[in-house]
>>> print(open('model.txt').read())   # compact mmCIF, C-alpha atoms and all ligand atoms
# COMPACT_ATOMS: atom_id res chain seq x y z
CA MET B 1 11.44 -18.36 -8.72
CA LEU B 2 10.86 -14.85 -7.43
CA TYR B 3 7.40 -14.06 -6.06
CA LYS B 4 5.69 -10.79 -5.30
CA GLU B 5 2.80 -10.20 -2.95
CA PHE B 6 -0.31 -9.11 -4.85
CA LYS B 7 -2.97 -8.65 -2.16
CA ASP B 8 -5.01 -10.78 0.24
CA GLY B 9 -1.92 -12.88 0.93
CA ILE B 10 -1.59 -13.94 -2.71
CA ARG B 11 1.98 -14.33 -3.93
CA LEU B 12 2.33 -14.34 -7.69
CA SER B 13 5.39 -15.60 -9.53
CA ARG B 14 7.17 -12.70 -11.26
CA LEU B 15 7.17 -14.80 -14.44
CA GLY B 16 3.78 -15.68 -15.94
CA MET B 17 3.05 -18.23 -18.65
CA GLY B 18 1.29 -16.73 -21.69
CA ASN B 19 -0.75 -19.27 -23.61
CA MET B 20 -1.04 -17.63 -26.99
CA ARG B 21 2.07 -19.00 -28.66
CA LEU B 22 1.85 -22.67 -27.73
CA PRO B 23 3.53 -25.24 -29.99
CA GLN B 24 1.26 -26.23 -32.87
CA LYS B 25 1.03 -29.23 -35.12
CA ASN B 26 1.91 -28.81 -38.74
CA GLU B 27 -1.45 -30.00 -40.05
CA PRO B 28 -4.60 -28.30 -41.33
CA GLY B 29 -5.91 -25.78 -38.80
CA ASN B 30 -2.56 -25.83 -36.91
CA PRO B 31 -4.00 -27.33 -33.71
CA ILE B 32 -2.09 -27.02 -30.43
CA ASP B 33 0.46 -29.82 -30.07
CA TYR B 34 -0.97 -31.04 -26.78
CA GLU B 35 1.99 -33.24 -25.75
CA LYS B 36 4.61 -30.56 -26.35
CA ALA B 37 2.50 -27.78 -24.86
CA LYS B 38 1.69 -29.88 -21.79
CA GLU B 39 5.42 -30.48 -21.25
CA ILE B 40 5.90 -26.72 -21.19
CA ILE B 41 3.13 -26.22 -18.64
CA ASP B 42 4.54 -29.00 -16.42
CA GLU B 43 7.99 -27.48 -16.60
CA THR B 44 6.76 -23.99 -15.71
CA ILE B 45 4.98 -25.45 -12.68
CA ARG B 46 8.05 -27.42 -11.68
CA LEU B 47 10.07 -24.20 -11.81
CA GLY B 48 7.59 -22.28 -9.68
CA VAL B 49 5.38 -20.35 -12.13
CA ASN B 50 1.87 -19.95 -10.72
CA TYR B 51 0.25 -17.41 -13.10
CA PHE B 52 -1.26 -18.69 -16.36
CA ASP B 53 -2.69 -16.25 -18.86
CA THR B 54 -5.13 -17.16 -21.62
CA ALA B 55 -7.95 -15.50 -23.59
CA TYR B 56 -11.17 -16.30 -25.42
CA ILE B 57 -9.56 -15.80 -28.82
CA TYR B 58 -6.11 -17.36 -28.37
CA HIS B 59 -5.43 -20.30 -30.67
CA ASP B 60 -8.85 -19.85 -32.27
CA GLY B 61 -10.56 -20.41 -28.94
CA LYS B 62 -8.58 -23.56 -28.07
CA SER B 63 -6.11 -22.06 -25.60
CA GLU B 64 -8.59 -21.95 -22.70
CA GLU B 65 -9.57 -25.58 -23.20
CA PHE B 66 -5.91 -26.58 -23.35
CA VAL B 67 -5.00 -24.63 -20.20
CA GLY B 68 -7.90 -26.16 -18.27
CA LYS B 69 -6.92 -29.66 -19.32
CA ALA B 70 -3.18 -29.20 -18.77
CA LEU B 71 -3.67 -27.83 -15.25
CA ALA B 72 -6.42 -30.24 -14.21
CA GLU B 73 -4.03 -32.55 -12.36
CA TYR B 74 -2.76 -29.72 -10.11
CA PRO B 75 -4.70 -28.48 -7.05
CA ARG B 76 -6.88 -25.55 -8.12
CA SER B 77 -5.52 -23.43 -5.26
CA SER B 78 -1.91 -23.90 -6.42
CA PHE B 79 -2.17 -21.70 -9.55
CA TYR B 80 -3.89 -18.56 -10.80
CA ILE B 81 -5.75 -18.25 -14.08
CA ALA B 82 -5.95 -14.99 -16.01
CA ASP B 83 -8.59 -14.96 -18.75
CA LYS B 84 -10.08 -12.19 -20.87
CA PHE B 85 -13.42 -10.96 -22.18
CA ASN B 86 -13.10 -10.18 -25.88
CA PHE B 87 -15.69 -7.57 -26.74
CA GLN B 88 -15.11 -7.77 -30.48
CA ALA B 89 -15.39 -11.55 -30.75
CA GLN B 90 -18.58 -11.92 -28.67
CA PRO B 91 -20.14 -8.77 -27.25
CA ASP B 92 -22.54 -10.77 -25.07
CA TYR B 93 -20.46 -10.92 -21.90
CA ARG B 94 -22.84 -13.33 -20.18
CA ILE B 95 -22.53 -15.91 -22.96
CA GLN B 96 -18.80 -15.46 -23.26
CA PHE B 97 -18.07 -15.82 -19.55
CA ARG B 98 -20.23 -18.95 -19.30
CA GLU B 99 -18.44 -20.44 -22.28
CA GLN B 100 -15.05 -19.64 -20.77
CA LEU B 101 -15.78 -21.48 -17.53
CA GLU B 102 -16.93 -24.46 -19.60
CA ARG B 103 -13.80 -24.41 -21.76
CA LEU B 104 -11.55 -24.13 -18.69
CA ASN B 105 -13.67 -26.64 -16.81
CA MET B 106 -13.34 -24.45 -13.73
CA ASP B 107 -15.76 -22.73 -11.33
CA TYR B 108 -14.02 -19.38 -11.13
CA ILE B 109 -11.36 -17.25 -12.80
CA ASP B 110 -8.75 -15.59 -10.60
CA PHE B 111 -7.77 -12.64 -12.78
CA TYR B 112 -10.31 -11.51 -15.33
CA LEU B 113 -9.59 -8.80 -17.88
CA LEU B 114 -11.45 -6.78 -20.47
CA HIS B 115 -9.27 -7.74 -23.42
CA GLY B 116 -7.04 -5.39 -25.39
CA ILE B 117 -8.89 -2.09 -24.99
CA GLN B 118 -8.24 0.12 -27.98
CA ASP B 119 -9.25 3.67 -28.70
CA ASN B 120 -11.85 2.68 -31.27
CA PHE B 121 -14.00 0.69 -28.83
CA ALA B 122 -13.06 1.97 -25.36
CA SER B 123 -16.25 4.02 -25.05
CA ALA B 124 -18.44 1.20 -26.38
CA ILE B 125 -17.12 -1.39 -23.93
CA LEU B 126 -17.52 1.05 -21.04
CA ALA B 127 -21.15 1.61 -22.03
CA SER B 128 -21.88 -2.08 -22.60
CA GLY B 129 -22.72 -2.94 -18.99
CA CYS B 130 -20.02 -5.60 -18.83
CA ILE B 131 -18.17 -3.98 -15.92
CA GLU B 132 -21.29 -4.00 -13.74
CA TYR B 133 -21.88 -7.63 -14.68
CA PHE B 134 -18.30 -8.69 -13.94
CA ASP B 135 -18.41 -6.77 -10.67
CA GLN B 136 -21.46 -8.82 -9.73
CA LEU B 137 -19.54 -12.02 -10.62
CA LYS B 138 -16.75 -10.80 -8.38
CA LYS B 139 -19.20 -10.55 -5.49
CA GLU B 140 -20.37 -14.09 -6.28
CA GLY B 141 -16.78 -15.39 -6.25
CA LYS B 142 -16.71 -16.36 -9.93
CA ILE B 143 -14.10 -13.68 -10.59
CA ARG B 144 -11.52 -12.89 -7.92
CA TYR B 145 -9.85 -9.81 -9.40
CA LEU B 146 -10.93 -7.58 -12.24
CA GLY B 147 -8.67 -5.68 -14.64
CA PHE B 148 -8.16 -4.86 -18.29
CA SER B 149 -5.44 -5.10 -20.90
CA PHE B 150 -4.78 -2.01 -22.92
CA HIS B 151 -3.44 -0.85 -26.29
CA GLY B 152 -4.82 2.67 -26.44
CA ASN B 153 -3.87 6.27 -25.78
CA GLU B 154 -3.57 8.16 -22.52
CA GLU B 155 -6.97 9.79 -22.83
CA ASN B 156 -8.70 6.42 -22.97
CA MET B 157 -6.53 5.08 -20.16
CA LYS B 158 -7.86 7.96 -18.08
CA LYS B 159 -11.44 7.03 -19.00
CA MET B 160 -10.84 3.40 -18.09
CA LEU B 161 -9.27 4.32 -14.75
CA ALA B 162 -12.21 6.56 -13.89
CA ALA B 163 -14.73 3.81 -14.66
CA TYR B 164 -13.92 1.28 -11.94
CA ASP B 165 -11.67 0.46 -9.00
CA TRP B 166 -9.50 -1.97 -10.97
CA ASP B 167 -7.40 -4.58 -9.19
CA PHE B 168 -4.70 -4.65 -11.90
CA VAL B 169 -4.02 -3.58 -15.49
CA GLN B 170 -2.01 -5.28 -18.22
CA ILE B 171 0.04 -3.25 -20.69
CA GLN B 172 2.72 -3.85 -23.30
CA LEU B 173 6.02 -2.82 -21.77
CA ASN B 174 9.65 -3.26 -22.78
CA TYR B 175 12.80 -1.20 -23.03
CA TYR B 176 12.17 -0.36 -26.68
CA ASP B 177 8.58 0.88 -26.28
CA TRP B 178 9.59 2.77 -23.15
CA GLU B 179 11.64 5.05 -25.43
CA TYR B 180 9.55 5.03 -28.60
CA GLY B 181 5.93 4.34 -27.59
CA ASN B 182 3.46 5.80 -25.08
CA GLN B 183 4.01 2.91 -22.64
CA ARG B 184 6.18 4.87 -20.23
CA ARG B 185 3.36 7.35 -19.66
CA LEU B 186 0.78 4.56 -19.29
CA TYR B 187 2.96 2.83 -16.71
CA GLU B 188 3.36 6.09 -14.82
CA MET B 189 -0.39 6.69 -14.85
CA LEU B 190 -0.99 3.24 -13.37
CA THR B 191 1.71 3.70 -10.78
CA GLU B 192 0.22 7.04 -9.75
CA ALA B 193 -3.15 5.29 -9.44
CA LYS B 194 -1.48 2.56 -7.32
CA ILE B 195 -2.63 -0.19 -9.67
CA PRO B 196 -0.28 -3.17 -10.11
CA VAL B 197 0.88 -3.73 -13.69
CA MET B 198 0.96 -7.05 -15.48
CA VAL B 199 3.28 -6.87 -18.46
CA MET B 200 2.73 -8.33 -21.91
CA GLU B 201 5.24 -8.28 -24.77
CA PRO B 202 8.31 -7.82 -22.53
CA ALA B 203 10.47 -8.73 -25.54
CA HIS B 204 8.29 -6.86 -28.08
CA GLY B 205 6.95 -10.03 -29.68
CA GLY B 206 10.44 -11.59 -29.82
CA LEU B 207 12.06 -8.57 -31.47
CA LEU B 208 14.25 -7.90 -28.41
CA ALA B 209 15.27 -11.55 -28.21
CA ARG B 210 16.66 -11.25 -31.76
CA LEU B 211 17.74 -7.60 -32.07
CA ASN B 212 19.87 -6.53 -35.03
CA GLU B 213 23.61 -6.97 -35.40
CA LYS B 214 24.71 -3.72 -33.76
CA ALA B 215 22.32 -3.82 -30.79
CA GLY B 216 22.99 -7.54 -30.25
CA ALA B 217 26.77 -7.02 -30.31
CA LEU B 218 26.49 -4.26 -27.71
CA LEU B 219 24.68 -6.50 -25.23
CA ARG B 220 26.79 -9.58 -25.95
CA GLU B 221 29.93 -7.60 -25.30
CA ALA B 222 28.54 -6.43 -21.95
CA ASP B 223 27.64 -9.98 -20.91
CA PRO B 224 28.60 -12.83 -23.26
CA GLN B 225 26.66 -15.39 -21.19
CA ALA B 226 23.32 -13.61 -21.03
CA SER B 227 20.65 -14.26 -23.63
CA LEU B 228 19.20 -11.20 -25.36
CA ALA B 229 15.79 -12.14 -24.01
CA SER B 230 17.11 -12.13 -20.45
CA TRP B 231 18.15 -8.48 -20.82
CA ALA B 232 14.59 -7.60 -21.84
CA MET B 233 13.09 -9.57 -18.97
CA ARG B 234 15.44 -8.10 -16.39
CA TRP B 235 14.64 -4.58 -17.54
CA VAL B 236 10.90 -5.16 -17.05
CA MET B 237 11.14 -7.00 -13.76
CA SER B 238 13.22 -4.15 -12.34
CA LEU B 239 10.30 -1.73 -12.52
CA ASP B 240 8.83 -1.34 -9.03
CA ASN B 241 5.17 -1.46 -10.00
CA VAL B 242 5.42 -4.53 -12.23
CA GLN B 243 3.70 -7.53 -10.69
CA VAL B 244 3.91 -10.32 -13.28
CA VAL B 245 5.86 -10.44 -16.55
CA LEU B 246 4.12 -12.62 -19.10
CA SER B 247 6.07 -14.58 -21.62
CA GLY B 248 4.40 -16.58 -24.37
CA MET B 249 6.70 -19.55 -24.05
CA GLY B 250 6.42 -21.95 -26.97
CA GLU B 251 9.63 -23.90 -26.35
CA LEU B 252 11.18 -25.56 -23.30
CA SER B 253 14.43 -23.65 -23.84
CA GLN B 254 12.52 -20.38 -23.31
CA VAL B 255 11.10 -21.73 -20.05
CA THR B 256 14.58 -22.62 -18.82
CA ASP B 257 16.09 -19.27 -19.80
CA ASN B 258 13.22 -17.23 -18.34
CA ALA B 259 13.10 -19.27 -15.14
CA GLU B 260 16.81 -18.63 -14.62
CA THR B 261 16.30 -14.90 -15.13
CA PHE B 262 13.34 -14.74 -12.78
CA SER B 263 15.11 -16.78 -10.09
CA ALA B 264 18.42 -14.95 -10.09
CA GLY B 265 16.80 -11.62 -9.16
CA LYS B 266 19.52 -9.66 -10.96
CA TYR B 267 17.91 -6.27 -11.37
CA VAL B 268 19.31 -3.85 -13.96
CA SER B 269 21.73 -1.21 -12.73
CA ASP B 270 21.62 2.41 -13.94
CA GLU B 271 24.57 1.59 -16.19
CA GLU B 272 22.71 -1.35 -17.72
CA LYS B 273 19.61 0.79 -18.22
CA ALA B 274 21.72 3.22 -20.22
CA LEU B 275 23.09 0.33 -22.24
CA LEU B 276 19.59 -0.91 -23.08
CA LYS B 277 18.55 2.58 -24.07
CA LYS B 278 21.50 2.61 -26.46
CA ALA B 279 20.51 -0.85 -27.79
CA ALA B 280 17.00 0.47 -28.45
CA SER B 281 18.40 3.39 -30.42
CA LEU B 282 20.57 1.03 -32.48
CA LEU B 283 17.54 -1.11 -33.21
CA ARG B 284 15.33 1.75 -34.19
CA PRO B 285 16.57 2.18 -37.79
CA ASP B 286 15.68 -1.47 -38.42
CA ILE B 287 12.12 -1.20 -37.20
CA ALA B 288 9.91 -1.68 -40.25
CA VAL B 289 8.57 1.87 -40.12
CA PRO B 290 10.38 4.27 -37.79
CA CYS B 291 7.31 6.44 -37.24
CA THR B 292 7.68 8.62 -34.17
CA GLY B 293 3.96 9.30 -33.80
CA CYS B 294 4.54 13.03 -34.22
CA CYS B 295 1.34 13.32 -36.25
CA TYR B 296 2.58 16.02 -38.63
CA CYS B 297 0.92 14.00 -41.34
CA CYS B 298 -2.47 13.65 -39.61
CA PRO B 299 -4.18 16.97 -40.36
CA ASN B 300 -3.10 16.66 -43.98
CA CYS B 301 -4.71 13.34 -44.73
CA PRO B 302 -7.85 13.97 -46.81
CA GLN B 303 -9.21 10.61 -45.62
CA GLU B 304 -8.62 11.49 -41.96
CA LEU B 305 -6.79 8.23 -41.32
CA ASP B 306 -5.07 7.78 -37.97
CA ILE B 307 -1.73 7.20 -39.68
CA PRO B 308 0.56 6.67 -36.62
CA VAL B 309 -1.87 4.16 -35.14
CA LEU B 310 -1.98 2.22 -38.42
CA LEU B 311 1.82 2.30 -38.72
CA THR B 312 2.21 1.01 -35.16
CA ALA B 313 -0.07 -1.88 -36.04
CA TYR B 314 2.04 -2.54 -39.14
CA ASN B 315 5.25 -2.60 -37.07
CA ASP B 316 3.64 -4.97 -34.58
CA ALA B 317 2.55 -7.21 -37.45
CA LYS B 318 6.03 -7.23 -38.99
CA ALA B 319 7.59 -8.09 -35.61
CA ASP B 320 4.96 -10.47 -34.37
CA GLY B 321 2.85 -11.77 -37.24
CA ALA B 322 -0.06 -10.57 -39.40
CA TRP B 323 -2.54 -11.46 -36.63
CA ARG B 324 -1.62 -8.16 -34.98
CA LEU B 325 -3.68 -6.49 -37.72
CA ILE B 326 -6.88 -8.09 -36.45
CA ASN B 327 -7.61 -4.96 -34.47
CA VAL B 328 -7.29 -2.84 -37.61
CA THR B 329 -10.01 -4.94 -39.23
CA GLY B 330 -12.23 -3.88 -36.32
CA LEU B 331 -11.92 -0.19 -37.24
CA PRO B 332 -14.74 1.47 -39.21
CA GLN B 333 -14.22 0.86 -42.92
CA GLU B 334 -13.38 4.51 -43.59
CA LYS B 335 -10.54 4.35 -41.05
CA GLN B 336 -8.89 1.29 -42.53
CA PRO B 337 -5.86 1.26 -44.88
CA SER B 338 -8.18 0.48 -47.81
CA SER B 339 -9.50 4.04 -47.58
CA CYS B 340 -6.09 5.49 -48.45
CA ILE B 341 -6.24 7.17 -51.86
CA ALA B 342 -2.44 7.27 -52.21
CA CYS B 343 -2.36 11.05 -52.52
CA GLY B 344 1.09 11.20 -50.87
CA SER B 345 0.29 14.21 -48.72
CA CYS B 346 1.43 12.32 -45.60
CA THR B 347 4.87 11.55 -47.03
CA GLU B 348 5.18 15.18 -48.02
CA HIS B 349 4.50 16.36 -44.45
CA CYS B 350 6.41 13.60 -42.70
CA PRO B 351 9.76 14.72 -41.24
CA GLN B 352 11.12 11.34 -42.21
CA SER B 353 9.41 11.14 -45.62
CA LEU B 354 7.96 7.77 -44.71
CA PRO B 355 6.36 5.97 -47.68
CA VAL B 356 2.95 5.75 -46.00
CA PRO B 357 0.85 4.97 -49.15
CA GLN B 358 3.08 1.97 -49.96
CA ILE B 359 2.78 0.73 -46.39
CA MET B 360 -1.01 1.08 -46.53
CA ALA B 361 -0.97 -1.08 -49.69
CA LYS B 362 1.14 -3.71 -47.88
CA MET B 363 -1.27 -3.68 -44.94
CA ILE B 364 -4.21 -4.29 -47.27
CA ARG B 365 -2.39 -7.35 -48.64
CA MET B 366 -1.54 -8.65 -45.15
CA MET B 367 -5.11 -8.12 -43.95
CA SER B 368 -6.49 -10.12 -46.87
CA SER B 369 -4.77 -13.19 -45.40
CA LEU B 370 -6.46 -12.90 -41.99
S1 LIG P 401 -1.58 8.80 -48.97
FE1 LIG P 401 -3.25 7.84 -47.85
S2 LIG P 401 -2.65 8.01 -45.74
FE2 LIG P 401 -1.39 9.45 -46.86
S3 LIG P 401 -2.48 11.41 -46.76
FE3 LIG P 401 -3.13 10.39 -48.62
S4 LIG P 401 -4.96 9.24 -48.07
FE4 LIG P 401 -3.93 9.80 -46.16
S1 LIG P 402 4.54 12.48 -39.90
FE1 LIG P 402 5.72 10.61 -40.26
S2 LIG P 402 6.70 10.14 -38.30
FE2 LIG P 402 5.07 11.64 -37.88
S3 LIG P 402 3.26 10.38 -37.39
FE3 LIG P 402 3.17 10.78 -39.57
S4 LIG P 402 4.17 9.03 -40.53
FE4 LIG P 402 4.75 9.03 -38.36
>>> encode(input="model.txt", output="structure tokens", more="lines below")
Ligand code: SF4
Ligand code: SF4
Amino acid sequence: MLYKEFKDGIRLSRLGMGNMRLPQKNEPGNPIDYEKAKEIIDETIRLGVNYFDTAYIYHDGKSEEFVGKALAEYPRSSFYIADKFNFQAQPDYRIQFREQLERLNMDYIDFYLLHGIQDNFASAILASGCIEYFDQLKKEGKIRYLGFSFHGNEENMKKMLAAYDWDFVQIQLNYYDWEYGNQRRLYEMLTEAKIPVMVMEPAHGGLLARLNEKAGALLREADPQASLASWAMRWVMSLDNVQVVLSGMGELSQVTDNAETFSAGKYVSDEEKALLKKAASLLRPDIAVPCTGCCYCCPNCPQELDIPVLLTAYNDAKADGAWRLINVTGLPQEKQPSSCIACGSCTEHCPQSLPVPQIMAKMIRMMSSL
């Protein structure tokens, strides 16, 4: 396993275990399959992973408890826990943090994050007083390093960076979003600020481990032995300012494949980078909605909906599951897809004539199942 120095002599494994897609039992409530999930944790430890990421809301609040139990037999100093404060689920940060330590059955959290900052609540969380409180916990040793995970725009990233001297930041990063999202700019902002980056969604919720026929054929031809996922992982781990790459491993085969990738240390060459850029372009037509975020439609929407943001959430949900729309349910009612009056003005102004009203209707249906 490759390791990278973080600070204070801490060496983090380049591969981190994400605990949001653990194996579940096929019974009411879909509880975590403890035996299978524990096997995965044991295997990651055996292969050298020392960074375990969880959150208050993963697996309906059961992920933290599972992680605490599964790691209990290992010395506390041999692994690092990353856990997150979810402002939308429980705005009282004192209550939530206390509950998290109880669920984990631990005295401190190594890496603590404000969870999934989005544009619609960035200002509110900054004004909530939670940062001051967590900073105090840091001084008391209950939190070792403080950061945030982020899904917003550059303006709000700037606000977040100005608010505190963060130890690390977690963003979604992969070779597809690098070309078609705002992630490249976010990564550059963090690098300029000298803040180490933890990466989530290195395979875009599994999309880059599946690809489509054309993109898959391109990569298989270049290296018949390499898994599609390994290409995605290698691309991310080759970025200089990336500290840990998180993978939500739900199967032992994923652990084996990822561990191989993160042990071999085969960084992508310039030629391979160009190949992955080509694969991303071949994949693009198959993305549910190929919105470019140009915003030509925005000023023409009588309901003032943030159309590209909603379409990004829809793409995430199609690639990763309807749960990705949870954040949309947190938007003010008048900003949600249900406010669309199907006037069609967006389609008219869209360079790609995207059927936005129909997609809004689909989102409403998907959200009703949450
Ligand atoms: S169809 Fe809906 S999203 Fe499009 S412009 Fe009209 S109200 Fe806005
Ligand atoms: S005009 Fe079309 S491509 Fe541009 S942001 Fe709107 S929906 Fe997306």
>>> residues_around(input="model.txt", residues="Lys84 of chain B", least_positions_apart="6", cutoff="7 Å", atoms="only C-alpha atoms", output="JSON, numbers by chain")
{"B": [55, 56, 112, 113, 114, 115]}
>>> atom_distance(input="model.txt", atom1="atom FE3 of ligand LIG 401 (chain P)", atom2="atom CA of Asn327 of chain B")
21.4 Å
>>> closest_atom_pairs(input="model.txt", of="chain B", to="ligand LIG 401 (chain P)", cutoff="9 Å", atoms="only C-alpha atoms and all ligand atoms", output="Markdown table")
| residue | atom | partner | partner_atom | distance |
| --- | --- | --- | --- | --- |
| B:Cys297 | CA | P:LIG401 | S3 | 6.9 |
| B:Cys298 | CA | P:LIG401 | S3 | 7.5 |
| B:Pro299 | CA | P:LIG401 | S3 | 8.6 |
| B:Asn300 | CA | P:LIG401 | S3 | 6.0 |
| B:Cys301 | CA | P:LIG401 | S3 | 3.6 |
| B:Pro302 | CA | P:LIG401 | S4 | 5.7 |
| B:Gln303 | CA | P:LIG401 | S4 | 5.1 |
| B:Glu304 | CA | P:LIG401 | FE4 | 6.5 |
| B:Leu305 | CA | P:LIG401 | FE4 | 5.8 |
| B:Asp306 | CA | P:LIG401 | S2 | 8.1 |
| B:Ile307 | CA | P:LIG401 | S2 | 6.2 |
| B:Pro337 | CA | P:LIG401 | S2 | 7.5 |
| B:Ser338 | CA | P:LIG401 | FE1 | 8.9 |
| B:Ser339 | CA | P:LIG401 | S4 | 6.9 |
| B:Cys340 | CA | P:LIG401 | FE1 | 3.7 |
| B:Ile341 | CA | P:LIG401 | S4 | 4.5 |
| B:Ala342 | CA | P:LIG401 | S1 | 3.7 |
| B:Cys343 | CA | P:LIG401 | FE3 | 4.0 |
| B:Gly344 | CA | P:LIG401 | S1 | 4.1 |
| B:Ser345 | CA | P:LIG401 | S3 | 4.4 |
| B:Cys346 | CA | P:LIG401 | S3 | 4.2 |
| B:Thr347 | CA | P:LIG401 | FE2 | 6.6 |
| B:Glu348 | CA | P:LIG401 | S3 | 8.6 |
| B:His349 | CA | P:LIG401 | S3 | 8.9 |
| B:Pro355 | CA | P:LIG401 | S1 | 8.5 |
| B:Val356 | CA | P:LIG401 | FE2 | 5.8 |
| B:Pro357 | CA | P:LIG401 | S1 | 4.5 |
| B:Gln358 | CA | P:LIG401 | S1 | 8.3 |
| B:Met360 | CA | P:LIG401 | S2 | 7.2 |
>>> closest_atom_pairs(input="model.txt", of="chain B", to="ligand LIG 402 (chain P)", cutoff="6 Å", atoms="only C-alpha atoms and all ligand atoms", output="Markdown table")
| residue | atom | partner | partner_atom | distance |
| --- | --- | --- | --- | --- |
| B:Cys291 | CA | P:LIG402 | FE4 | 3.8 |
| B:Thr292 | CA | P:LIG402 | S2 | 4.5 |
| B:Gly293 | CA | P:LIG402 | S3 | 3.8 |
| B:Cys294 | CA | P:LIG402 | FE2 | 4.0 |
| B:Cys295 | CA | P:LIG402 | S3 | 3.7 |
| B:Tyr296 | CA | P:LIG402 | S1 | 4.2 |
| B:Cys297 | CA | P:LIG402 | S1 | 4.2 |
| B:Pro308 | CA | P:LIG402 | S3 | 4.7 |
| B:His349 | CA | P:LIG402 | S1 | 6.0 |
| B:Cys350 | CA | P:LIG402 | S1 | 3.5 |
| B:Pro351 | CA | P:LIG402 | S1 | 5.8 |
| B:Gln352 | CA | P:LIG402 | FE1 | 5.8 |
| B:Leu354 | CA | P:LIG402 | FE1 | 5.7 |
>>> residues_around(input="model.txt", residues="segment 133-138 of chain B", least_positions_apart="2", cutoff="12 Å", atoms="all atoms listed in the file", output="PyMOL selection string")
chain B and resi 84-85+92-98+107-114+126-131+140-148+163-167
>>> closest_residue(input="model.txt", among="B:Ala122, B:Val244, B:Val255, B:Leu282", to="Leu208 of chain B", atoms="only C-alpha atoms")
B:Leu282
>>> residues_around(input="model.txt", residues="Lys266 of chain B", least_positions_apart="3", cutoff="9 Å", atoms="only C-alpha atoms", output="count of residues only")
6
>>> closest_residue(input="model.txt", among="B:Glu272, B:Asp83, B:Glu35, B:Glu213", to="Phe52 of chain B", atoms="only C-alpha atoms")
B:Asp83
>>> atom_distance(input="model.txt", atom1="atom CA of Ser247 of chain B", atom2="atom CA of Leu310 of chain B")
25.1 Å
>>> closest_atom_pairs(input="model.txt", of="segment 64-162 of chain B", to="segment 11-22 of chain B", cutoff="10 Å", atoms="all atoms listed in the file", output="CSV")
residue,atom,partner,partner_atom,distance
B:Glu64,CA,B:Asn19,CA,8.3
B:Phe66,CA,B:Asn19,CA,9.0
B:Val67,CA,B:Asn19,CA,7.6
B:Phe79,CA,B:Leu12,CA,8.8
B:Tyr80,CA,B:Leu12,CA,8.1
B:Ile81,CA,B:Met17,CA,9.9
B:Ala82,CA,B:Gly18,CA,9.4
>>> atom_distance(input="model.txt", atom1="atom CA of Pro196 of chain B", atom2="atom CA of Phe6 of chain B")
7.9 Å
>>> residues_near_point(input="model.txt", point="(16.3, -10.2, -20.8)", cutoff="12 Å", atoms="only C-alpha atoms", output="mmCIF file with C-alpha atoms, in the frame of the given file")
data_model
loop_
_atom_site.group_PDB
_atom_site.id
_atom_site.type_symbol
_atom_site.label_atom_id
_atom_site.label_comp_id
_atom_site.auth_asym_id
_atom_site.auth_seq_id
_atom_site.Cartn_x
_atom_site.Cartn_y
_atom_site.Cartn_z
ATOM 1 C CA ASN B 174 9.650 -3.260 -22.780
ATOM 2 C CA TYR B 175 12.800 -1.200 -23.030
ATOM 3 C CA GLU B 201 5.240 -8.280 -24.770
ATOM 4 C CA PRO B 202 8.310 -7.820 -22.530
ATOM 5 C CA ALA B 203 10.470 -8.730 -25.540
ATOM 6 C CA HIS B 204 8.290 -6.860 -28.080
ATOM 7 C CA GLY B 206 10.440 -11.590 -29.820
ATOM 8 C CA LEU B 207 12.060 -8.570 -31.470
ATOM 9 C CA LEU B 208 14.250 -7.900 -28.410
ATOM 10 C CA ALA B 209 15.270 -11.550 -28.210
ATOM 11 C CA ARG B 210 16.660 -11.250 -31.760
ATOM 12 C CA LEU B 211 17.740 -7.600 -32.070
ATOM 13 C CA GLY B 216 22.990 -7.540 -30.250
ATOM 14 C CA LEU B 219 24.680 -6.500 -25.230
ATOM 15 C CA ARG B 220 26.790 -9.580 -25.950
ATOM 16 C CA ASP B 223 27.640 -9.980 -20.910
ATOM 17 C CA GLN B 225 26.660 -15.390 -21.190
ATOM 18 C CA ALA B 226 23.320 -13.610 -21.030
ATOM 19 C CA SER B 227 20.650 -14.260 -23.630
ATOM 20 C CA LEU B 228 19.200 -11.200 -25.360
ATOM 21 C CA ALA B 229 15.790 -12.140 -24.010
ATOM 22 C CA SER B 230 17.110 -12.130 -20.450
ATOM 23 C CA TRP B 231 18.150 -8.480 -20.820
ATOM 24 C CA ALA B 232 14.590 -7.600 -21.840
ATOM 25 C CA MET B 233 13.090 -9.570 -18.970
ATOM 26 C CA ARG B 234 15.440 -8.100 -16.390
ATOM 27 C CA TRP B 235 14.640 -4.580 -17.540
ATOM 28 C CA VAL B 236 10.900 -5.160 -17.050
ATOM 29 C CA MET B 237 11.140 -7.000 -13.760
ATOM 30 C CA SER B 238 13.220 -4.150 -12.340
ATOM 31 C CA VAL B 245 5.860 -10.440 -16.550
ATOM 32 C CA SER B 247 6.070 -14.580 -21.620
ATOM 33 C CA GLN B 254 12.520 -20.380 -23.310
ATOM 34 C CA ASP B 257 16.090 -19.270 -19.800
ATOM 35 C CA ASN B 258 13.220 -17.230 -18.340
ATOM 36 C CA ALA B 259 13.100 -19.270 -15.140
ATOM 37 C CA GLU B 260 16.810 -18.630 -14.620
ATOM 38 C CA THR B 261 16.300 -14.900 -15.130
ATOM 39 C CA PHE B 262 13.340 -14.740 -12.780
ATOM 40 C CA ALA B 264 18.420 -14.950 -10.090
ATOM 41 C CA GLY B 265 16.800 -11.620 -9.160
ATOM 42 C CA LYS B 266 19.520 -9.660 -10.960
ATOM 43 C CA TYR B 267 17.910 -6.270 -11.370
ATOM 44 C CA VAL B 268 19.310 -3.850 -13.960
ATOM 45 C CA GLU B 272 22.710 -1.350 -17.720
ATOM 46 C CA LYS B 273 19.610 0.790 -18.220
ATOM 47 C CA LEU B 276 19.590 -0.910 -23.080
#
